[in-house]
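Asks: Got a structure for you, written out below as structure tokens; questions coming shortly.
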Amino acid sequence: MKRFVSFLLCMLPLLLNAQEEQDWEVAFQEWVTNMGVEDDYAPDMMEQLADLAANKLNINQVTREELEQLPFLTAQQVEEIMAYVYHYAPVRTLSELFMIESLDYETRRLLKHFVYVGDMPAKKSWPTLKEVMKGGRHQVLASLKVPLYERRGDKDGKNCYLGYRYRHDVRYRFSYGQRVTFGLTGAQDAGEPFLTRDNPLGYDHYAYFFQLRKMGRLEALNLGMYRVQWGMGLVMNTGFHLGKLATLQSFGRTSRGLTAHASRSVGSYLHGAAATLCVAPRLSVTAFASYRPLDATLNDDGSARTLLTDGYHRTTTELDKKNNTHQVDVGASFGWKDTWKGGLAMANVNAVYTHFDRQLVPQTENNAYRRYFLSGNDFLNVSLDYSYTNSRVAFAGETALNRAGAWAVVHSVSWRMSEQWSLMLLHRYYDKRYTARHAHSFAEGTGVQNEHGMYFGLTWQPRRSLSLQWYADYAHFPFLRYQVSAPSDAFDTMLRARVYINRWTLDGHYRFHLRQRDDENHRNLHNRYEHKARMRLAVEMPAANYKLTMQTQVDGTMLVIPYMATTSRGVMVSQQAQWQRSWLQLSAMVGWFRSDDYDSRLYQYERSLLYDFSFPVYYGHGLRYALMARADLGRHLMLTTKIGVTDYFDRAVISSGLQQIDASSMADILVQLRYKF
């Protein structure tokens with residue numbers, strides 16, 4: 001605790017000069033915590049929402065595709081918002097939307113951070129260059145992470161990191177509402193060389209984009225780096241996808257469209273050009289072409305064994321793999337939509353062709369589960385996706401076929417039986433031979449392959465301030481998987497309750513997850529039973545000139561392996577607080593954790609800088625504490641500082657390999673400066 005007091009006193013001079021920025025992250029933190037977002041795509045979701053929060057949607061000009069970018073909205077909510085705007089435009093205050101019955105307290109709280117009440121659509125389709133430059137807004141943002149420790153790879157020596165230990169990035173963005181945007185991001189991971197012969201252009205990774213929207217018949221145009229989401233994601237989804245509870249929250253809503261990529265992430269963007277054109281009142285066509293480099297681990301014959309997505313280029317070995325493989329993607333989607341019986345019906349035909357300049361040859365020796373992984377140079381996937389949505393029922397599905405003749409099928413239906421009861425069913429069948437380079441959809445496993453399952457979800461909301469959600473998901477895997485040498489099964493269920501009383505929020509959930517794994521001899525399967533529970537209490541305490549938000553959270557996990565007669569347990573107790581007034585915003589967090597091993601690890605969402613998603617994992621015995629200050633220094637400048645410390649009580653060394661820290665404690669300082677004009 002002495003360390004905590006020391007860094008708090010060190011931060012005090014910075015905090016006294018800070019001013020508050022009203023933002024959306026408090027509501028987002030609550031939503032993320034409730035949904036249990038631990039997915040690899042959560043950072044991409046946060047980046048997209050951060051952009052939308054900075055460039056809000058005009059509710060009087062919003063399109064259905066724009067609303068569908070908000071993951072917390074259900075298909076019915078999107079439909080009801082669009083219907084309200086159509087019948088009662090112009091909307092004059094957001095309070096009008098809050099009268100829509102399907103918008104509960106949590107959704108209304110989030111929605112107000114992403115939409116605003118503006119003018120009705122102008123008659124002119126294309127703005128002039130003078131209008132764009134006069135009405136546009138610029139944003140420059142720079143971030144720096146300074147570790148107060150030294151890793152083994154930071155030391156001089158053979159096979160150590162080639163760059164210094166600081167992580168930093170710079171972002172520029174110009175926006176003219178939602179119609180014209182362009183930007184550039186330069187990002188550097190800790191340990192990567194900067195402005196040296198290994199990186200003569202400075203940053204290791206650059207992301208750049210130019211985007212037009214709602215220009216007459218041209219619905220969208222993207223140049224540079226972008227993402228594409230079609231249907232249920234069986235052939236094309238380079239955006240984020242939601243977990244099981246969030247799927248229930250959104251009632252399995254599908255997303256379509258093109259979005260810009262301005263992220264530090266190098267995993268799943270496309271590079272080139274994409275456009276959506278409205279060719280008739282009910283018909284549209286989307287096409288894209290992409291050429292981008294990839295990192296890969298190569299076989300002795302020069303073929304690619306594994307495609308890498310971490311983006312690390314810190315050592316000579318990692319740099320040798322940089323951009324050693326190239327990928328070409330071409331795709332098109334032909335869509336139809338129309339109103340029918342008080343709802344919206346849609347159907348789309350999609351096709352994607354992918355080519356690699358190196359042959360993909362996954363290593364199958366002693367890894368039989370990789371037998372049906374992506375292999376070869378050329379891949380073709382086609383699909384038909386379809387949906388119908390009204391205020392009560394939402395149906396969506398997609399049927400896909402790959403070049404080998406293997407199928408992937410997913411269907412979902414949600415029914416709002418009354419104002420209190422809603423249910424959802426989702427069925428998927430993914431053939432073991434089905435492969436698609438850009439497929440990401442609902443799954444228990446790691447991809448759209450080798451799975452047959454059924455998901456059932458139920459929501460009971462007797463009033464806006466009270467809700468109960470439950471889902472159960474069963475999956476069967478006909479072929480081998482990693483650490484599973486026979487057909488296997490999995491079962492997952494969760495019960496979540498939430499109640500709002502005045503300014504108090506109490507919610508909790510319990511999750512049971514059954515998975516099967518090989519025994520030590522790889523001859524028989526055994527069951528692994530995982531139990532997770534969380535209880536959270538939050539309160540808002542506003543006053544005349546400030547607001548205080550407090551949150552207490554308790555997490556517990558237990559993994560039981562009967563055949564080994566072992567049980568692994570973990571618990572974490574954390575307290576978070578945020579204080580804000582017109583000139584200052586402070587956030588603090590402290591959490592104590594204890595677990596038997598990595599199998600009983602725990603996750604805790606933690607507020608951080610803009611575009612910096614922090615969902616660290618904790619195991620062992622220790623204490624985590626952090627303090628963040630955000631300030632408005634005048635009308636245009638914002639400064640954010642954060643320091644975070646993790647103290648371990650059960651070890652003298654943290655991590656391993658080049659990441660090893662020869663200490664029992666690690667601390668980081670983060671600084672971010674944003675200028676808007």
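Identifiers for the structure tokens are assigned positionally: chains receive A, B, ... in sequence, residues are indexed from 1 per chain, and ligands are indexed from 1 in the order shown.
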Compile the contact shell of segment 157-171 of chain A as a PDB file with N, CA and C atoms, in the first residue's frame: residues with an atom at most 6 Å away, counting only C-alpha atoms, same-chain residues fewer than 5 positions apart removed.
Replies:
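Written out: part.pdb:
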```pdb
ATOM      1  N   VAL A 140      -6.009  15.410 -33.564  1.00  0.00           N
ATOM      2  CA  VAL A 140      -4.682  14.808 -33.488  1.00  0.00           C
ATOM      3  C   VAL A 140      -4.529  14.239 -32.085  1.00  0.00           C
ATOM      4  N   LEU A 141      -4.108  12.993 -31.998  1.00  0.00           N
ATOM      5  CA  LEU A 141      -4.016  12.308 -30.715  1.00  0.00           C
ATOM      6  C   LEU A 141      -2.702  11.545 -30.651  1.00  0.00           C
ATOM      7  N   ALA A 142      -1.967  11.729 -29.558  1.00  0.00           N
ATOM      8  CA  ALA A 142      -0.705  11.031 -29.358  1.00  0.00           C
ATOM      9  C   ALA A 142      -0.733  10.327 -28.012  1.00  0.00           C
ATOM     10  N   SER A 143      -0.239   9.074 -27.978  1.00  0.00           N
ATOM     11  CA  SER A 143      -0.249   8.269 -26.755  1.00  0.00           C
ATOM     12  C   SER A 143       1.137   7.685 -26.524  1.00  0.00           C
ATOM     13  N   LEU A 144       1.489   7.539 -25.248  1.00  0.00           N
ATOM     14  CA  LEU A 144       2.789   6.999 -24.863  1.00  0.00           C
ATOM     15  C   LEU A 144       2.624   6.119 -23.635  1.00  0.00           C
ATOM     16  N   LYS A 145       3.238   4.945 -23.659  1.00  0.00           N
ATOM     17  CA  LYS A 145       3.254   4.041 -22.507  1.00  0.00           C
ATOM     18  C   LYS A 145       4.692   3.836 -22.062  1.00  0.00           C
ATOM     19  N   VAL A 146       4.960   4.165 -20.807  1.00  0.00           N
ATOM     20  CA  VAL A 146       6.302   4.082 -20.249  1.00  0.00           C
ATOM     21  C   VAL A 146       6.316   3.010 -19.164  1.00  0.00           C
ATOM     22  N   LEU A 184      -5.103   8.912 -40.437  1.00  0.00           N
ATOM     23  CA  LEU A 184      -3.835   8.193 -40.479  1.00  0.00           C
ATOM     24  C   LEU A 184      -3.434   7.846 -39.050  1.00  0.00           C
ATOM     25  N   THR A 185      -2.992   6.600 -38.848  1.00  0.00           N
ATOM     26  CA  THR A 185      -2.502   6.141 -37.552  1.00  0.00           C
ATOM     27  C   THR A 185      -1.119   5.528 -37.730  1.00  0.00           C
ATOM     28  N   GLY A 186      -0.182   5.937 -36.886  1.00  0.00           N
ATOM     29  CA  GLY A 186       1.129   5.312 -36.824  1.00  0.00           C
ATOM     30  C   GLY A 186       1.312   4.700 -35.449  1.00  0.00           C
ATOM     31  N   ALA A 187       1.689   3.417 -35.380  1.00  0.00           N
ATOM     32  CA  ALA A 187       1.737   2.710 -34.092  1.00  0.00           C
ATOM     33  C   ALA A 187       3.029   1.924 -33.956  1.00  0.00           C
ATOM     34  N   GLN A 188       3.527   1.895 -32.731  1.00  0.00           N
ATOM     35  CA  GLN A 188       4.770   1.218 -32.408  1.00  0.00           C
ATOM     36  C   GLN A 188       4.588   0.421 -31.126  1.00  0.00           C
ATOM     37  N   ASP A 189       4.851  -0.880 -31.171  1.00  0.00           N
ATOM     38  CA  ASP A 189       4.830  -1.696 -29.960  1.00  0.00           C
ATOM     39  C   ASP A 189       6.172  -1.586 -29.253  1.00  0.00           C
ATOM     40  N   ALA A 190       6.128  -1.825 -27.945  1.00  0.00           N
ATOM     41  CA  ALA A 190       7.365  -1.798 -27.172  1.00  0.00           C
ATOM     42  C   ALA A 190       8.348  -2.829 -27.709  1.00  0.00           C
ATOM     43  N   GLY A 191       9.598  -2.410 -27.898  1.00  0.00           N
ATOM     44  CA  GLY A 191      10.633  -3.303 -28.393  1.00  0.00           C
ATOM     45  C   GLY A 191      10.846  -3.255 -29.888  1.00  0.00           C
ATOM     46  N   GLU A 192       9.972  -2.604 -30.637  1.00  0.00           N
ATOM     47  CA  GLU A 192      10.111  -2.523 -32.087  1.00  0.00           C
ATOM     48  C   GLU A 192      11.005  -1.343 -32.464  1.00  0.00           C
ATOM     49  N   PRO A 193      11.860  -1.513 -33.475  1.00  0.00           N
ATOM     50  CA  PRO A 193      12.753  -0.424 -33.891  1.00  0.00           C
ATOM     51  C   PRO A 193      11.969   0.739 -34.488  1.00  0.00           C
ATOM     52  N   ARG A 314       9.791  -7.255 -33.062  1.00  0.00           N
ATOM     53  CA  ARG A 314      10.726  -6.739 -32.061  1.00  0.00           C
ATOM     54  C   ARG A 314      12.114  -7.331 -32.180  1.00  0.00           C
ATOM     55  N   THR A 315      12.217  -8.515 -32.737  1.00  0.00           N
ATOM     56  CA  THR A 315      13.494  -9.212 -32.848  1.00  0.00           C
ATOM     57  C   THR A 315      13.811  -9.488 -34.313  1.00  0.00           C
TER      58      THR A 315
END
```
Asks: If you run DSSP over the backbone, which residues in segment 374-618 of chain A end up strand (DSSP E)? Put them as a short mmCIF file (atom, residue, chain, number, x, y, z; two decimals) with C-alpha atoms, in the first residue's frame.
Replies:
```cif
data_model
loop_
_atom_site.label_atom_id
_atom_site.label_comp_id
_atom_site.auth_asym_id
_atom_site.auth_seq_id
_atom_site.Cartn_x
_atom_site.Cartn_y
_atom_site.Cartn_z
CA GLY A 376 -3.62 -24.23 -50.83
CA ASN A 377 -3.43 -20.91 -52.69
CA ASP A 378 -6.98 -20.16 -53.83
CA PHE A 379 -10.25 -20.07 -51.91
CA LEU A 380 -13.80 -19.28 -52.99
CA ASN A 381 -16.85 -18.86 -50.78
CA VAL A 382 -20.41 -18.00 -51.74
CA SER A 383 -23.45 -17.49 -49.55
CA LEU A 384 -27.02 -16.32 -49.36
CA ASP A 385 -28.03 -14.35 -46.29
CA TYR A 386 -31.57 -13.27 -45.47
CA SER A 387 -33.49 -11.62 -42.66
CA TYR A 388 -36.86 -10.25 -41.64
CA THR A 389 -37.43 -7.86 -38.75
CA VAL A 393 -39.95 -10.88 -34.54
CA ALA A 394 -36.43 -10.93 -35.94
CA PHE A 395 -35.29 -13.77 -38.19
CA ALA A 396 -31.85 -13.99 -39.77
CA GLY A 397 -29.88 -16.69 -41.51
CA GLU A 398 -27.04 -17.43 -43.88
CA THR A 399 -26.18 -20.49 -45.97
CA ALA A 400 -22.62 -20.70 -47.29
CA LEU A 401 -20.65 -23.02 -49.55
CA ASN A 402 -16.90 -23.24 -50.11
CA TRP A 407 -21.57 -26.20 -46.13
CA ALA A 408 -21.93 -23.78 -43.27
CA VAL A 409 -25.40 -22.77 -42.10
CA VAL A 410 -26.58 -20.54 -39.26
CA HIS A 411 -30.09 -19.33 -38.40
CA SER A 412 -31.47 -17.29 -35.54
CA VAL A 413 -34.94 -16.19 -34.56
CA SER A 414 -35.93 -13.90 -31.70
CA TRP A 415 -39.46 -13.22 -30.59
CA ARG A 416 -40.57 -10.45 -28.26
CA TRP A 421 -40.76 -11.71 -22.29
CA SER A 422 -38.37 -12.35 -25.18
CA LEU A 423 -36.77 -15.53 -26.42
CA MET A 424 -34.13 -16.40 -28.96
CA LEU A 425 -33.08 -19.56 -30.79
CA LEU A 426 -29.91 -20.00 -32.82
CA HIS A 427 -28.83 -23.08 -34.76
CA ARG A 428 -25.54 -23.53 -36.59
CA TYR A 429 -23.96 -26.30 -38.61
CA TYR A 430 -20.38 -25.88 -39.80
CA GLU A 451 -19.31 -27.61 -35.16
CA HIS A 452 -23.01 -28.37 -34.81
CA GLY A 453 -24.89 -26.59 -32.06
CA MET A 454 -28.09 -25.11 -30.66
CA TYR A 455 -28.43 -21.96 -28.55
CA PHE A 456 -31.48 -20.92 -26.54
CA GLY A 457 -31.88 -17.63 -24.71
CA LEU A 458 -34.63 -16.09 -22.60
CA THR A 459 -35.11 -12.54 -21.28
CA TRP A 460 -37.64 -11.48 -18.67
CA GLN A 461 -38.03 -7.75 -18.03
CA PRO A 462 -41.07 -7.03 -15.85
CA ARG A 463 -40.07 -3.37 -15.76
CA LEU A 466 -35.36 -5.08 -13.66
CA SER A 467 -34.26 -7.83 -16.02
CA LEU A 468 -33.34 -11.50 -15.96
CA GLN A 469 -31.44 -13.21 -18.79
CA TRP A 470 -30.57 -16.85 -19.30
CA TYR A 471 -29.00 -18.81 -22.12
CA ALA A 472 -27.98 -22.41 -22.72
CA ASP A 473 -25.75 -23.56 -25.58
CA TYR A 474 -24.87 -27.09 -26.66
CA ALA A 475 -22.20 -27.83 -29.27
CA HIS A 476 -20.94 -31.06 -30.83
CA PHE A 477 -17.60 -31.30 -32.65
CA SER A 488 -16.47 -34.20 -28.41
CA ASP A 489 -19.17 -32.04 -26.85
CA ALA A 490 -19.48 -28.80 -24.92
CA PHE A 491 -22.24 -27.20 -22.87
CA ASP A 492 -22.44 -23.61 -21.71
CA THR A 493 -25.13 -21.84 -19.68
CA MET A 494 -25.39 -18.52 -17.88
CA LEU A 495 -27.96 -16.78 -15.68
CA ARG A 496 -27.76 -13.02 -15.24
CA ALA A 497 -29.89 -10.66 -13.16
CA ARG A 498 -29.86 -6.87 -13.03
CA VAL A 499 -31.84 -4.29 -11.10
CA TYR A 500 -31.80 -0.48 -10.98
CA ILE A 501 -33.13 1.27 -7.86
CA TRP A 504 -28.17 2.08 -7.53
CA THR A 505 -27.34 -0.81 -9.86
CA LEU A 506 -27.06 -4.39 -8.66
CA ASP A 507 -26.28 -7.16 -11.09
CA GLY A 508 -24.73 -10.58 -11.05
CA HIS A 509 -24.33 -13.72 -13.09
CA TYR A 510 -23.41 -17.36 -12.78
CA ARG A 511 -21.90 -19.32 -15.66
CA PHE A 512 -21.33 -23.07 -16.01
CA HIS A 513 -19.16 -24.35 -18.84
CA LEU A 514 -18.46 -28.00 -19.64
CA ARG A 515 -15.65 -28.87 -22.03
CA GLN A 516 -13.99 -32.14 -22.97
CA ARG A 517 -10.24 -32.70 -23.23
CA ASP A 518 -7.81 -35.59 -23.74
CA LEU A 525 -11.82 -37.81 -23.16
CA HIS A 526 -12.60 -36.36 -19.78
CA ASN A 527 -14.94 -33.56 -18.68
CA ARG A 528 -13.75 -30.23 -17.32
CA TYR A 529 -16.32 -28.23 -15.35
CA GLU A 530 -15.81 -24.49 -15.11
CA HIS A 531 -17.89 -22.31 -12.78
CA LYS A 532 -17.77 -18.52 -12.88
CA ALA A 533 -19.72 -16.00 -10.82
CA ARG A 534 -19.77 -12.22 -10.51
CA MET A 535 -21.59 -9.76 -8.28
CA ARG A 536 -21.43 -6.02 -8.87
CA LEU A 537 -22.90 -3.05 -6.99
CA ALA A 538 -22.67 0.45 -8.46
CA VAL A 539 -24.07 3.80 -7.41
CA GLU A 540 -24.12 7.31 -8.88
CA MET A 541 -24.03 10.19 -6.40
CA PRO A 542 -24.50 13.47 -8.25
CA TYR A 546 -19.71 17.18 -9.27
CA LYS A 547 -20.68 13.54 -9.69
CA LEU A 548 -19.24 10.51 -7.93
CA THR A 549 -19.64 6.95 -9.22
CA MET A 550 -18.65 3.96 -7.10
CA GLN A 551 -18.51 0.29 -8.07
CA THR A 552 -17.74 -2.80 -6.02
CA GLN A 553 -17.24 -6.11 -7.81
CA VAL A 554 -16.55 -9.66 -6.67
CA ASP A 555 -15.49 -12.35 -9.16
CA GLY A 556 -15.05 -16.04 -8.50
CA THR A 557 -14.03 -19.00 -10.66
CA MET A 558 -13.56 -22.73 -10.10
CA LEU A 559 -12.32 -25.41 -12.47
CA VAL A 560 -13.08 -29.04 -11.57
CA ILE A 561 -11.37 -31.99 -13.32
CA THR A 566 -8.28 -31.64 -8.89
CA THR A 567 -10.03 -28.35 -8.22
CA SER A 568 -8.61 -24.93 -9.04
CA ARG A 569 -10.17 -21.81 -7.48
CA GLY A 570 -9.78 -18.09 -7.93
CA VAL A 571 -11.33 -14.94 -6.46
CA MET A 572 -10.97 -11.22 -7.09
CA VAL A 573 -12.44 -8.31 -5.13
CA SER A 574 -12.19 -4.87 -6.72
CA GLN A 575 -13.33 -1.33 -6.07
CA GLN A 576 -13.60 1.36 -8.72
CA ALA A 577 -14.50 5.01 -8.33
CA GLN A 578 -14.89 7.95 -10.66
CA TRP A 579 -15.21 11.58 -9.61
CA GLN A 580 -15.93 14.36 -12.07
CA ARG A 581 -16.75 18.02 -12.13
CA LEU A 584 -11.58 17.49 -13.58
CA GLN A 585 -12.24 13.78 -13.97
CA LEU A 586 -10.50 11.17 -11.80
CA SER A 587 -10.79 7.39 -11.95
CA ALA A 588 -9.29 4.96 -9.45
CA MET A 589 -9.29 1.18 -9.16
CA VAL A 590 -7.89 -1.28 -6.64
CA GLY A 591 -8.32 -5.04 -6.80
CA TRP A 592 -7.07 -7.99 -4.76
CA PHE A 593 -6.86 -11.36 -6.48
CA ARG A 594 -5.88 -14.90 -5.55
CA SER A 595 -6.03 -18.02 -7.70
CA LEU A 602 -9.73 -13.90 -13.62
CA TYR A 603 -10.45 -10.94 -15.88
CA VAL A 617 -5.85 -11.38 -16.85
CA TYR A 618 -4.85 -12.09 -13.23
#
```
Asks: Skip Leu609 of chain A itself and residues of its chain fewer than 2 positions away, then list as a list in words all residues within 8 Å of it, counting only C-alpha atoms.
Replies: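 Those residues are Arg607, Tyr611, Asp612, Phe613, Thr640, Thr641, Lys642, Leu670, Val671 and Gln672 of chain A.
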Asks: Which residue, A:Val484, A:Gly620, A:Asn199, A:Leu111, has the smallest gap to Leu73 of chain A when you use only C-alpha atoms?
Replies: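 So, comparing all the options, the nearest one is A:Leu111.
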Asks: Near Asn366 of chain A, within 12 Å and counting only C-alpha atoms, which residues show up once chain neighbours fewer than 4 positions away are dropped, as an MDAnalysis selection string?
Replies: chainID A and resid 362 370:371 482:483 485 522
Asks: Name the residues in contact with Ala54 of chain A at a cut-off of 9 Å, using only C-alpha atoms, excluding same-chain residues fewer than 3 positions from it; report them as a list in words.
Replies: Asp23, Leu49, Ala50, Asp51 and Phe114 of chain A
Asks: Produce a file of the selected residues containing C-alpha atoms, as a short mmCIF file (atom, residue, chain, number, x, y, z; two decimals), in the first residue's frame.
Replies:
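This is the output file result-v1.cif:
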```cif
data_model
loop_
_atom_site.label_atom_id
_atom_site.label_comp_id
_atom_site.auth_asym_id
_atom_site.auth_seq_id
_atom_site.Cartn_x
_atom_site.Cartn_y
_atom_site.Cartn_z
CA ASP A 23 -17.58 10.82 -22.37
CA LEU A 49 -17.42 2.97 -30.65
CA ALA A 50 -14.78 5.55 -29.73
CA ASP A 51 -14.95 6.90 -33.29
CA PHE A 114 -23.72 8.13 -29.86
#
```
Asks: May I have the residues within 10 Å of Gly267 of chain A as a PyMOL selection string, using only C-alpha atoms and disregarding those fewer than 4 positions away in the same chain?
Replies: chain A and resi 41+238+263+294-295+307-311
Asks: Given the selection you just returned, output its residues as a file containing N, CA and C atoms, formatted as a PDB file, in the first residue's frame.
Replies:
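As a result, selection-v5.pdb now contains:
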```
ATOM      1  N   TYR A  41     -11.901  -9.664 -30.161  1.00  0.00           N
ATOM      2  CA  TYR A  41     -12.370  -8.568 -30.995  1.00  0.00           C
ATOM      3  C   TYR A  41     -12.889  -7.388 -30.178  1.00  0.00           C
ATOM      4  N   THR A 238     -14.744  -9.051 -41.146  1.00  0.00           N
ATOM      5  CA  THR A 238     -13.454  -8.614 -40.632  1.00  0.00           C
ATOM      6  C   THR A 238     -13.626  -7.612 -39.495  1.00  0.00           C
ATOM      7  N   SER A 263      -6.926   1.368 -36.772  1.00  0.00           N
ATOM      8  CA  SER A 263      -6.562   0.742 -35.513  1.00  0.00           C
ATOM      9  C   SER A 263      -5.087   0.359 -35.476  1.00  0.00           C
ATOM     10  N   LEU A 294       1.146 -10.009 -45.285  1.00  0.00           N
ATOM     11  CA  LEU A 294       0.908 -10.754 -44.055  1.00  0.00           C
ATOM     12  C   LEU A 294       2.231 -11.280 -43.521  1.00  0.00           C
ATOM     13  N   ASP A 295       2.238 -11.570 -42.231  1.00  0.00           N
ATOM     14  CA  ASP A 295       3.372 -12.274 -41.616  1.00  0.00           C
ATOM     15  C   ASP A 295       3.044 -13.758 -41.567  1.00  0.00           C
ATOM     16  N   LEU A 307      -0.227 -18.389 -40.462  1.00  0.00           N
ATOM     17  CA  LEU A 307      -0.377 -16.953 -40.631  1.00  0.00           C
ATOM     18  C   LEU A 307      -0.398 -16.295 -39.255  1.00  0.00           C
ATOM     19  N   LEU A 308       0.396 -15.254 -39.085  1.00  0.00           N
ATOM     20  CA  LEU A 308       0.545 -14.576 -37.803  1.00  0.00           C
ATOM     21  C   LEU A 308      -0.256 -13.279 -37.789  1.00  0.00           C
ATOM     22  N   THR A 309      -0.875 -12.993 -36.651  1.00  0.00           N
ATOM     23  CA  THR A 309      -1.722 -11.797 -36.551  1.00  0.00           C
ATOM     24  C   THR A 309      -1.359 -10.903 -35.373  1.00  0.00           C
ATOM     25  N   ASP A 310      -0.296 -11.227 -34.618  1.00  0.00           N
ATOM     26  CA  ASP A 310       0.030 -10.416 -33.449  1.00  0.00           C
ATOM     27  C   ASP A 310       0.691  -9.094 -33.817  1.00  0.00           C
ATOM     28  N   GLY A 311       1.326  -9.017 -34.995  1.00  0.00           N
ATOM     29  CA  GLY A 311       1.924  -7.768 -35.444  1.00  0.00           C
ATOM     30  C   GLY A 311       3.224  -7.391 -34.771  1.00  0.00           C
TER      31      GLY A 311
END
```
Asks: So the first atom is atom CA of Ala626 of chain A and the second is atom CA of Ile643 of chain A; what is the distance between them in Å, to one decimal place?
Replies: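 That distance, rounded to one decimal, is 5.6 Å.
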Asks: Between A:Ala565, A:Met133, A:Val117, A:Val266, which one has atoms that come closest to Pro90 of chain A, using only C-alpha atoms?
Replies: A:Val117
